[in-house]
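Novice: This is the structure I want to talk about, given as structure tokens.
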Amino acid sequence: MRTCVITGYRVQYGHNVSHANNKTNRLFLPNLHAKKVFSERLGQIRLTISHRGERTIDKYKGLDEYLLRAKNRYLTPKAKMLKKQLVKLAESDSYIASLINKKTERVKSEAKKRILKKLAKKIMADKFIST
């Protein structure tokens, strides 16, 4: 199956529509290219990516940065595999480890905020009931 590793673009199905409104089946193929992408940690990797995927990698200043910042639910299976390898290798690198820690700290701080809000509501409810 022709699929972009970065964006997940794949073949779409549709119709050619003639002037007489006759519909015949056709495929809409993604603009895919087999590219060698350089990763600071993993070296050169051969990927099948779309033009939009190339632009996404450029936006994040490299494949490593994109994979570390992207959420797993938005990644294709091959990208998830690359991210796992990257995280294993990144444990020794302080910069990448700091990116990973920032993500976990943000999640922890959001959880703390939710807990504090619940406690505040509970305390206010107790004060209202007791008075």
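FYI, nothing fancy with the structure tokens labels: chains A, B, ... in order, residues from 1 per chain, ligands from 1 as they appear.
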List the neighbours of A:Thr24 out to 12 Å using only C-alpha atoms; skip same-chain residues closer than 3 positions along the sequence, and give me the result as a list in words.

Specialist: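 In the requested format, the answer is Tyr13, Gly14, His15, Asn16, Val17, Ser18, Ala20, Asn21 and Leu27 of chain A.
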
Novice: Out of stretch 5-59 of chain A, which residues get helix (DSSP H, G or I) from DSSP, as a PDB file with C-alpha atoms, in the first residue's frame?

Specialist:
```pdb
ATOM      1  CA  HIS A  51       5.692  16.405  -0.153  1.00  0.00           C
ATOM      2  CA  ARG A  52       3.658  17.491   2.882  1.00  0.00           C
ATOM      3  CA  GLY A  53       5.712  15.075   5.019  1.00  0.00           C
ATOM      4  CA  GLU A  54       8.935  16.663   3.756  1.00  0.00           C
ATOM      5  CA  ARG A  55       7.620  20.096   4.687  1.00  0.00           C
ATOM      6  CA  THR A  56       6.600  18.840   8.134  1.00  0.00           C
ATOM      7  CA  ILE A  57      10.100  17.482   8.782  1.00  0.00           C
ATOM      8  CA  ASP A  58      11.587  20.807   7.636  1.00  0.00           C
ATOM      9  CA  LYS A  59       9.235  22.721   9.922  1.00  0.00           C
TER      10      LYS A  59
END
```

Novice: For a quick check of understanding, using only C-alpha atoms, which of A:Arg26, A:Tyr74, A:Leu67, A:Val5 has the smallest distance to A:Thr48?

Specialist: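 Closest residue, counting only C-alpha atoms: A:Val5.
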
Novice: Neighbours of A:Arg46 within 8 Å (only C-alpha atoms; same-chain residues fewer than 5 positions away dropped), as a count of residues only?

Specialist: 4
